[in-house]
Every structure is written in C-alpha cells, then in structure tokens.
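First comes the structure, then the notes that go with it.
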Amino acid sequence: MAKEPVRVLVTGAAGQIGYALVPMVARGVMMGPDQPVILHMLDIPFAAEALNGVKMELIDAAFPLLKGVIATTDVAEACAGVNVAVMVGGFPRKEGMERKDVMSKNVSIYKSQASALEKYAAPNCKVLVVANPANTNALILKEFAPSIPEKNITCLTRLDHNRALGQVSERLNVQVSDVKNVIIWGNHSSSQYPDTCHATVSTKDGEKSVPALVNDDEWLRGPFIQTVQQRGAAIIKARKLSSALSAASSACDHIRNWVLGTPEGTWVSMGVYSDGSYNVPAGLIYSFPVTCKNGEWSIVQGLSIDDFSRKKMDATATELTEEKALAYSCLN
Ligand code: NAD
Ligand code: LMR
C-alpha cells in the first residue's frame, strides 16, 4: 500500500539552498525513495515571484513522489500540518552590519516562526535549522515553541561532519564512504571542533583508526581542523556565494538519518539541546555525536576525551554561551 505523504516545510525556499534542496526532497533523498511528499515553501513577499518560479519548475520536473506544492509568503499557511520543517530562511549579514544587528534580525524571525510552528505544525514535527547563526536560531526557536518537544529541535552541523569525512578521505586516498565516526563538537562556526580521535576507515583487513592511519597528529590537530572550520569561508571566496548544494545534501542526510536511523556502529553529528553530556553546559544547542533509531536521536556516551579535545570543546561552548546572551539581549 502506498504511504501517506509527509509534509515538508522549507523556509527561504527561493534562496540558493532552497533551490538545491527542494528537488532533492521531491526525489526522495530526504525522506526515502518510497515516501511521497508534499512540499510547503515559504519566503518573504520580496521573493514571491521567484518562489512561484521554483514551484513552476517543481511541477515541470514531474517528480513521481511529489504529491503537492504550496508556495506562500504566509507563515501560517506554510506551517499548516507540516511533519518536517527545514528552516533555511534568514537575514544575511550585509556590509556595515555588526554581529548584534544580524543576530537581532534573526532572533525576531525565529521567535515569530517558532510561534507559527507551535500553532500550526503537526504534532511531533521535527525541526532542522540551517540558517545562521544556526545553533542560536534553533535555541530561540526552542524557547518560543515550548510545546514542541526539545528533542524535536535541531540545527545543521552535518555539513561540517561531511566536510571532515571528505578531508580524511582525501588525505588517506580512501573512499569517503569507508570513513566514519568523525565528530563535530559545538557551534556551526569557526570555533567548532572537528574531532577524528574515534574515527575509523573500513579496509579489507577490518576497521582501522584514522589517527593511526594518518600518523600525523600535527596535521590532525592543525591544518585538518582549520580546513573544516574555514570551509564555509573558502567556498564563499571561491563561489562568491555560500555553500548551497553541499548544505542541501547534508540537510537531507540529517533528516534521513533522524527519521530512518543511522547504520549500526555509525554515528553522525547533529546540533541538539544539551543535557550536560560531556560536561557541555545544559541549555545550549551544541553539536554532539548521535545515533538515531525509531525517529529519535541519542547522544553517543562514554567516548574518551583527551585534554586537547576538552579545551576545544569548552572553547566552542563558551562561544555558544556568549551567542545565547547576545540573542537574549536582542529580545529585550
Ligand atoms: P539566500 O540568501 O540565497 O536565501 C535565503 C532566503 O531566505 C531568501 O530567499 C530570503 O528571501 C529568505 N528569507 C529571508 N527572511 C525570511 C523569512 N523571515 N521567512 C522566510 N524566508 C526568508 O541564502 P542561502 O545561501 O540559501 O543560505 C540560507 C542560510 O543558510 C544562511 O543563513 C546561510 O548562512 C545558512 N547556511 C548554513 C549552513 C549550515 O551548515 N548550517 C550552510 C550554508 C549556509
Ligand atoms: C557554510 O558553512 O558553508 C556556511 O555556514 C557559511 C556561511 O557563512 O553562510
């Protein structure tokens, strides 16, 4: 029997990531190859005509899994009955703007969209915030949607996770699909800590440790970390636009693993509400290693943390604590 369609909201759908993301959703990359979807696309009135153009293209592509498209600038209509919400819309930093100005714009967007999701989304709607500052936007969304379970509100650090897999695969000249269990700790910003201490490569002789195969701690603790931390900036420099296809693909990976599960023995990185695991302050949206089963994520427990990692994990937590304070000051 055919499955009931799942309703997927994409905000900022007329933007760059939205344009890369909606065809992936319509092709089953996010929800699975046998899962029909109805796309809800939201943007602001300024982008309404472009948004309608995206809707026209979705119709023209005749995606077999796509059972409906809503393109709207009305947040209540956009959120009605959605099972998954991918929050890509936001206010970008413009020349001459201070961090606080950008934060202030996004805090007010995420505060009002939190209320709309709370009122109109389906019960148990899963939320993924992509728009920057992603962790703090997700935290504001959580604070202003108290009836949405905190476990349902997450932010995207899977792109950073995938970037780390990519760098290890390039360095070792192995297939990226054979590398697993890197970790992104903390903020989706240049303070994030990409950690390979527990990462492995699958070889014909079994699983091998990444630090042992690389055999160059200086690289793993220096250029590797900096390359992953700075990859977003490097893409902007090269494309004159921020990452879009890799962000869209990673957003699909995030939701697909959350809903359909992670493979046995594999974890992924997700920005989730901290419960104090690994002595990360509770009450931040912080990226942890997680496994997913039956539509729920759990933080991987019991990993050994050395002094180097501890310092990096604390530094990114400190940045998130400061961002949280800044966000709250913008609300007042
Ligand atoms: P973009 O400017 O091309 O698109 C953003 C879209 O959001 C625009 O169409 C804009 O009109 C819309 N928008 C603005 N305010 C809105 C609102 N209140 N409601 C609905 N829509 C609204 O930007 P992009 O390249 O698609 O990037 C989107 C966001 O994702 C940015 O904040 C970017 O920094 C962030 N990003 C995050 C990651 C990550 O890994 N977390 C990666 C890449 C980009
Ligand atoms: C990325 O990681 O590619 C983006 O978050 C960069 C940015 O600032 O938009």
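Ordering of the structure tokens sets the chain letters (A, B, ...), residue numbers begin anew at 1 in every chain, and ligands are numbered from 1 in the order given.
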| query | Contacts of stretch 150-153 of chain A at 12 Å or less, counting only C-alpha atoms, minus same-chain residues fewer than 3 places along, as a PyMOL selection string? | reply | chain A and resi 83-87+114+117-118+122-130+134-147+156+255+258-259+270-275+283-286+292+295-299
| task | Would you mind writing down, as a ChimeraX atom specification, each residue of stretch 182-330 of chain A that DSSP on the backbone assigns to strand (DSSP E)? | result | /A:183-185,193-195,200-203,206-209,268-273,285-293,296-299
With N, CA and C atoms kept, could you save the residues just selected as an mmCIF file, in the first residue's frame?
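Output file out_20.cif follows:
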```cif
data_model
loop_
_atom_site.group_PDB
_atom_site.id
_atom_site.type_symbol
_atom_site.label_atom_id
_atom_site.label_comp_id
_atom_site.auth_asym_id
_atom_site.auth_seq_id
_atom_site.Cartn_x
_atom_site.Cartn_y
_atom_site.Cartn_z
ATOM 1 N N ILE A 183 33.633 13.515 14.484
ATOM 2 C CA ILE A 183 32.663 14.237 15.333
ATOM 3 C C ILE A 183 32.846 15.736 15.118
ATOM 4 N N ILE A 184 31.731 16.436 15.006
ATOM 5 C CA ILE A 184 31.774 17.902 15.112
ATOM 6 C C ILE A 184 31.183 18.248 16.470
ATOM 7 N N TRP A 185 31.987 18.890 17.292
ATOM 8 C CA TRP A 185 31.519 19.350 18.606
ATOM 9 C C TRP A 185 31.220 20.846 18.510
ATOM 10 N N TYR A 193 34.731 22.182 16.789
ATOM 11 C CA TYR A 193 35.885 21.289 16.934
ATOM 12 C C TYR A 193 35.641 20.000 16.138
ATOM 13 N N PRO A 194 36.275 19.896 14.957
ATOM 14 C CA PRO A 194 36.189 18.641 14.195
ATOM 15 C C PRO A 194 37.206 17.657 14.777
ATOM 16 N N ASP A 195 36.724 16.518 15.249
ATOM 17 C CA ASP A 195 37.499 15.578 16.069
ATOM 18 C C ASP A 195 37.569 14.220 15.347
ATOM 19 N N THR A 200 37.163 6.015 12.115
ATOM 20 C CA THR A 200 37.767 4.802 11.551
ATOM 21 C C THR A 200 37.603 4.778 10.035
ATOM 22 N N VAL A 201 38.432 3.942 9.399
ATOM 23 C CA VAL A 201 38.304 3.660 7.972
ATOM 24 C C VAL A 201 38.097 2.163 7.830
ATOM 25 N N SER A 202 37.127 1.803 7.005
ATOM 26 C CA SER A 202 36.887 0.388 6.756
ATOM 27 C C SER A 202 37.857 -0.074 5.651
ATOM 28 N N THR A 203 38.678 -1.095 5.965
ATOM 29 C CA THR A 203 39.656 -1.603 4.991
ATOM 30 C C THR A 203 39.425 -3.098 4.799
ATOM 31 N N GLY A 206 39.681 -4.985 7.934
ATOM 32 C CA GLY A 206 38.838 -4.554 9.060
ATOM 33 C C GLY A 206 38.928 -3.057 9.282
ATOM 34 N N GLU A 207 38.328 -2.610 10.420
ATOM 35 C CA GLU A 207 38.281 -1.180 10.746
ATOM 36 C C GLU A 207 39.628 -0.719 11.294
ATOM 37 N N LYS A 208 40.116 0.396 10.760
ATOM 38 C CA LYS A 208 41.402 0.933 11.256
ATOM 39 C C LYS A 208 41.161 2.354 11.791
ATOM 40 N N SER A 209 41.926 2.717 12.804
ATOM 41 C CA SER A 209 41.748 4.039 13.413
ATOM 42 C C SER A 209 42.328 5.139 12.494
ATOM 43 N N VAL A 268 26.591 10.151 13.650
ATOM 44 C CA VAL A 268 26.651 11.364 12.841
ATOM 45 C C VAL A 268 26.642 12.547 13.804
ATOM 46 N N SER A 269 26.905 13.751 13.293
ATOM 47 C CA SER A 269 26.874 14.929 14.168
ATOM 48 C C SER A 269 25.592 15.712 13.928
ATOM 49 N N MET A 270 24.947 16.103 15.037
ATOM 50 C CA MET A 270 23.740 16.939 14.958
ATOM 51 C C MET A 270 23.824 17.989 16.065
ATOM 52 N N GLY A 271 23.363 19.188 15.763
ATOM 53 C CA GLY A 271 23.231 20.211 16.801
ATOM 54 C C GLY A 271 21.947 19.919 17.561
ATOM 55 N N VAL A 272 22.077 19.577 18.849
ATOM 56 C CA VAL A 272 20.907 19.202 19.654
ATOM 57 C C VAL A 272 20.963 19.907 21.002
ATOM 58 N N TYR A 273 19.841 19.865 21.704
ATOM 59 C CA TYR A 273 19.744 20.534 23.005
ATOM 60 C C TYR A 273 20.596 19.780 24.016
ATOM 61 N N ILE A 285 22.218 24.732 22.283
ATOM 62 C CA ILE A 285 22.137 23.807 21.144
ATOM 63 C C ILE A 285 23.581 23.609 20.693
ATOM 64 N N TYR A 286 24.086 22.403 20.883
ATOM 65 C CA TYR A 286 25.521 22.099 20.732
ATOM 66 C C TYR A 286 25.622 20.851 19.865
ATOM 67 N N SER A 287 26.598 20.790 18.990
ATOM 68 C CA SER A 287 26.733 19.616 18.116
ATOM 69 C C SER A 287 27.451 18.486 18.849
ATOM 70 N N PHE A 288 26.795 17.319 18.846
ATOM 71 C CA PHE A 288 27.306 16.108 19.507
ATOM 72 C C PHE A 288 27.309 14.960 18.501
ATOM 73 N N PRO A 289 28.046 13.887 18.817
ATOM 74 C CA PRO A 289 27.869 12.648 18.046
ATOM 75 C C PRO A 289 26.569 11.989 18.492
ATOM 76 N N VAL A 290 25.740 11.594 17.539
ATOM 77 C CA VAL A 290 24.451 10.967 17.895
ATOM 78 C C VAL A 290 24.219 9.738 17.022
ATOM 79 N N THR A 291 23.457 8.804 17.578
ATOM 80 C CA THR A 291 22.901 7.723 16.759
ATOM 81 C C THR A 291 21.389 7.937 16.748
ATOM 82 N N CYS A 292 20.719 7.446 15.708
ATOM 83 C CA CYS A 292 19.271 7.635 15.609
ATOM 84 C C CYS A 292 18.585 6.290 15.389
ATOM 85 N N LYS A 293 17.454 6.133 16.065
ATOM 86 C CA LYS A 293 16.660 4.910 15.943
ATOM 87 C C LYS A 293 15.208 5.263 16.218
ATOM 88 N N GLU A 296 14.273 8.903 16.812
ATOM 89 C CA GLU A 296 14.836 9.665 17.934
ATOM 90 C C GLU A 296 16.351 9.609 17.902
ATOM 91 N N TRP A 297 16.988 10.726 18.240
ATOM 92 C CA TRP A 297 18.452 10.732 18.341
ATOM 93 C C TRP A 297 18.861 10.523 19.793
ATOM 94 N N SER A 298 20.030 9.937 19.999
ATOM 95 C CA SER A 298 20.627 9.844 21.349
ATOM 96 C C SER A 298 22.089 10.202 21.231
ATOM 97 N N ILE A 299 22.565 10.950 22.204
ATOM 98 C CA ILE A 299 23.991 11.325 22.227
ATOM 99 C C ILE A 299 24.808 10.069 22.541
#
```
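Residue nearest ligand 2, chosen from A:Ala317, A:Ile235, A:Met31, A:Ile38 and counting only C-alpha atoms and all ligand atoms: A:Ile235.
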Taking only residues of chain A that have an atom at most 6 Å from an atom of ligand 2, what is each one's shortest atom pair and its distance in Å to one decimal, using only C-alpha atoms and all ligand atoms, in chain and number order, as a Markdown table?
```
| residue | atom | partner | partner_atom_place_in_ligand_line | distance |
| --- | --- | --- | --- | --- |
| A:Gly232 | CA | ligand 2 | 3 (O) | 3.4 |
| A:Ala233 | CA | ligand 2 | 6 (C) | 5.9 |
| A:Ser242 | CA | ligand 2 | 9 (O) | 5.0 |
| A:Ser243 | CA | ligand 2 | 3 (O) | 4.5 |
```
Go ahead and write the residues just picked, C-alpha atoms, as a CSV table (one decimal), in the first residue's frame.
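Output saved as again-v9.csv:
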```csv
chain,number,residue,atom,x,y,z
A,232,GLY,CA,32.4,27.7,4.6
A,233,ALA,CA,34.5,30.9,4.1
A,242,SER,CA,27.9,30.5,0.3
A,243,SER,CA,27.7,26.7,0.0
```
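Considering the residues A:Asn132, A:Ser191, A:Thr266, A:Thr318 and counting only C-alpha atoms and all ligand atoms, ligand 1 has its shortest atom-to-atom contact with A:Asn132.
Take the candidates A:Leu326, A:Val54, A:Val6, A:Ala61 and check each one against ligand 1 using only C-alpha atoms and all ligand atoms; the shortest distance goes to A:Val54.
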| Which protein, DNA or RNA residues have an atom within 7 Å of ligand 1, counting only C-alpha atoms and all ligand atoms, as number ranges by chain? | A: 11-18, 42-44, 46-47, 88-92, 109, 130-134, 155-160, 188, 241-244, 247
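When DSSP is run on the backbone, the residues of stretch 106-160 of chain A that fall into alpha helix (DSSP H) are A:Asn106, A:Val107, A:Ser108, A:Ile109, A:Tyr110, A:Lys111, A:Ser112, A:Gln113, A:Ala114, A:Ser115, A:Ala116, A:Leu117, A:Glu118, A:Lys119, A:Tyr120, A:Ala134, A:Asn135, A:Thr136, A:Asn137, A:Ala138, A:Leu139, A:Ile140, A:Leu141, A:Lys142, A:Glu143, A:Arg158, A:Leu159, A:Asp160.
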Keeping N, CA and C atoms for every residue in the selection just given, could you write it to a file as a PDB file, in the first residue's frame?
```pdb
ATOM      1  N   ASN A 106      17.636  37.999  13.070  1.00  0.00           N
ATOM      2  CA  ASN A 106      17.317  36.567  13.025  1.00  0.00           C
ATOM      3  C   ASN A 106      16.561  36.111  14.268  1.00  0.00           C
ATOM      4  N   VAL A 107      16.898  36.700  15.404  1.00  0.00           N
ATOM      5  CA  VAL A 107      16.174  36.348  16.625  1.00  0.00           C
ATOM      6  C   VAL A 107      14.693  36.680  16.463  1.00  0.00           C
ATOM      7  N   SER A 108      14.412  37.821  15.856  1.00  0.00           N
ATOM      8  CA  SER A 108      12.984  38.154  15.734  1.00  0.00           C
ATOM      9  C   SER A 108      12.298  37.265  14.688  1.00  0.00           C
ATOM     10  N   ILE A 109      13.011  36.872  13.615  1.00  0.00           N
ATOM     11  CA  ILE A 109      12.419  35.931  12.636  1.00  0.00           C
ATOM     12  C   ILE A 109      12.140  34.581  13.328  1.00  0.00           C
ATOM     13  N   TYR A 110      13.120  34.074  14.071  1.00  0.00           N
ATOM     14  CA  TYR A 110      12.973  32.737  14.671  1.00  0.00           C
ATOM     15  C   TYR A 110      11.982  32.716  15.819  1.00  0.00           C
ATOM     16  N   LYS A 111      11.842  33.846  16.478  1.00  0.00           N
ATOM     17  CA  LYS A 111      10.830  33.942  17.528  1.00  0.00           C
ATOM     18  C   LYS A 111       9.431  33.826  16.902  1.00  0.00           C
ATOM     19  N   SER A 112       9.194  34.561  15.813  1.00  0.00           N
ATOM     20  CA  SER A 112       7.839  34.535  15.245  1.00  0.00           C
ATOM     21  C   SER A 112       7.572  33.222  14.508  1.00  0.00           C
ATOM     22  N   GLN A 113       8.607  32.639  13.875  1.00  0.00           N
ATOM     23  CA  GLN A 113       8.365  31.356  13.182  1.00  0.00           C
ATOM     24  C   GLN A 113       8.179  30.224  14.194  1.00  0.00           C
ATOM     25  N   ALA A 114       8.786  30.349  15.387  1.00  0.00           N
ATOM     26  CA  ALA A 114       8.570  29.361  16.455  1.00  0.00           C
ATOM     27  C   ALA A 114       7.090  29.336  16.819  1.00  0.00           C
ATOM     28  N   SER A 115       6.507  30.497  16.965  1.00  0.00           N
ATOM     29  CA  SER A 115       5.090  30.557  17.359  1.00  0.00           C
ATOM     30  C   SER A 115       4.218  29.952  16.277  1.00  0.00           C
ATOM     31  N   ALA A 116       4.553  30.212  15.007  1.00  0.00           N
ATOM     32  CA  ALA A 116       3.739  29.655  13.912  1.00  0.00           C
ATOM     33  C   ALA A 116       3.856  28.134  13.883  1.00  0.00           C
ATOM     34  N   LEU A 117       5.061  27.614  14.078  1.00  0.00           N
ATOM     35  CA  LEU A 117       5.229  26.151  14.070  1.00  0.00           C
ATOM     36  C   LEU A 117       4.454  25.537  15.229  1.00  0.00           C
ATOM     37  N   GLU A 118       4.541  26.194  16.373  1.00  0.00           N
ATOM     38  CA  GLU A 118       3.852  25.676  17.547  1.00  0.00           C
ATOM     39  C   GLU A 118       2.348  25.602  17.308  1.00  0.00           C
ATOM     40  N   LYS A 119       1.829  26.644  16.652  1.00  0.00           N
ATOM     41  CA  LYS A 119       0.367  26.708  16.441  1.00  0.00           C
ATOM     42  C   LYS A 119      -0.095  25.774  15.334  1.00  0.00           C
ATOM     43  N   TYR A 120       0.672  25.693  14.237  1.00  0.00           N
ATOM     44  CA  TYR A 120       0.102  25.091  13.027  1.00  0.00           C
ATOM     45  C   TYR A 120       0.739  23.781  12.576  1.00  0.00           C
ATOM     46  N   ALA A 134      23.104  29.146  13.147  1.00  0.00           N
ATOM     47  CA  ALA A 134      22.163  28.025  13.184  1.00  0.00           C
ATOM     48  C   ALA A 134      21.871  27.541  14.611  1.00  0.00           C
ATOM     49  N   ASN A 135      22.912  27.382  15.429  1.00  0.00           N
ATOM     50  CA  ASN A 135      22.672  26.850  16.790  1.00  0.00           C
ATOM     51  C   ASN A 135      21.793  27.806  17.589  1.00  0.00           C
ATOM     52  N   THR A 136      22.099  29.093  17.483  1.00  0.00           N
ATOM     53  CA  THR A 136      21.378  30.065  18.315  1.00  0.00           C
ATOM     54  C   THR A 136      19.976  30.326  17.765  1.00  0.00           C
ATOM     55  N   ASN A 137      19.812  30.311  16.440  1.00  0.00           N
ATOM     56  CA  ASN A 137      18.456  30.411  15.878  1.00  0.00           C
ATOM     57  C   ASN A 137      17.603  29.233  16.390  1.00  0.00           C
ATOM     58  N   ALA A 138      18.214  28.038  16.437  1.00  0.00           N
ATOM     59  CA  ALA A 138      17.476  26.857  16.903  1.00  0.00           C
ATOM     60  C   ALA A 138      17.110  27.012  18.379  1.00  0.00           C
ATOM     61  N   LEU A 139      18.019  27.592  19.141  1.00  0.00           N
ATOM     62  CA  LEU A 139      17.746  27.783  20.572  1.00  0.00           C
ATOM     63  C   LEU A 139      16.574  28.746  20.779  1.00  0.00           C
ATOM     64  N   ILE A 140      16.563  29.824  19.995  1.00  0.00           N
ATOM     65  CA  ILE A 140      15.459  30.792  20.103  1.00  0.00           C
ATOM     66  C   ILE A 140      14.150  30.113  19.690  1.00  0.00           C
ATOM     67  N   LEU A 141      14.219  29.326  18.617  1.00  0.00           N
ATOM     68  CA  LEU A 141      13.016  28.613  18.175  1.00  0.00           C
ATOM     69  C   LEU A 141      12.503  27.715  19.302  1.00  0.00           C
ATOM     70  N   LYS A 142      13.420  27.018  19.954  1.00  0.00           N
ATOM     71  CA  LYS A 142      13.024  26.121  21.056  1.00  0.00           C
ATOM     72  C   LYS A 142      12.374  26.914  22.195  1.00  0.00           C
ATOM     73  N   GLU A 143      12.989  28.058  22.540  1.00  0.00           N
ATOM     74  CA  GLU A 143      12.473  28.834  23.670  1.00  0.00           C
ATOM     75  C   GLU A 143      11.065  29.376  23.391  1.00  0.00           C
ATOM     76  N   ARG A 158      25.761  18.712  10.123  1.00  0.00           N
ATOM     77  CA  ARG A 158      26.104  17.562   9.294  1.00  0.00           C
ATOM     78  C   ARG A 158      26.981  17.972   8.113  1.00  0.00           C
ATOM     79  N   LEU A 159      26.829  19.210   7.659  1.00  0.00           N
ATOM     80  CA  LEU A 159      27.697  19.670   6.573  1.00  0.00           C
ATOM     81  C   LEU A 159      29.153  19.662   7.048  1.00  0.00           C
ATOM     82  N   ASP A 160      29.388  20.131   8.261  1.00  0.00           N
ATOM     83  CA  ASP A 160      30.752  20.134   8.811  1.00  0.00           C
ATOM     84  C   ASP A 160      31.251  18.694   8.976  1.00  0.00           C
TER      85      ASP A 160
END
```
| Selected residue, from A:Ala282, A:Thr316, A:Asn52, A:Leu39, that lies nearest to A:Gly68 when counting only C-alpha atoms | A:Leu39
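Closest approach to A:Asn257 from the set A:Asn294, A:Ala212, A:Leu51, A:Asn162 is made by A:Asn294, with distances taken over only C-alpha atoms.
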| Residue neighbourhood A:Phe308, 9 Å, only C-alpha atoms, exclusion window fewer than 4 positions, as a PyMOL selection string | chain A and resi 221+312-313
Dump as a PDB file, in the first residue's frame, selection limited to C-alpha atoms:
```
ATOM      1  CA  ARG A 221      45.339  18.984  15.288  1.00  0.00           C
ATOM      2  CA  LYS A 312      38.440  22.770  22.042  1.00  0.00           C
ATOM      3  CA  MET A 313      35.018  21.538  23.235  1.00  0.00           C
TER       4      MET A 313
END
```
| query | Smallest atom-to-atom distance to A:Thr227: which of A:Pro23, A:Gly166, A:Gly28, A:Gly53, using only C-alpha atoms? | reply | A:Gly166
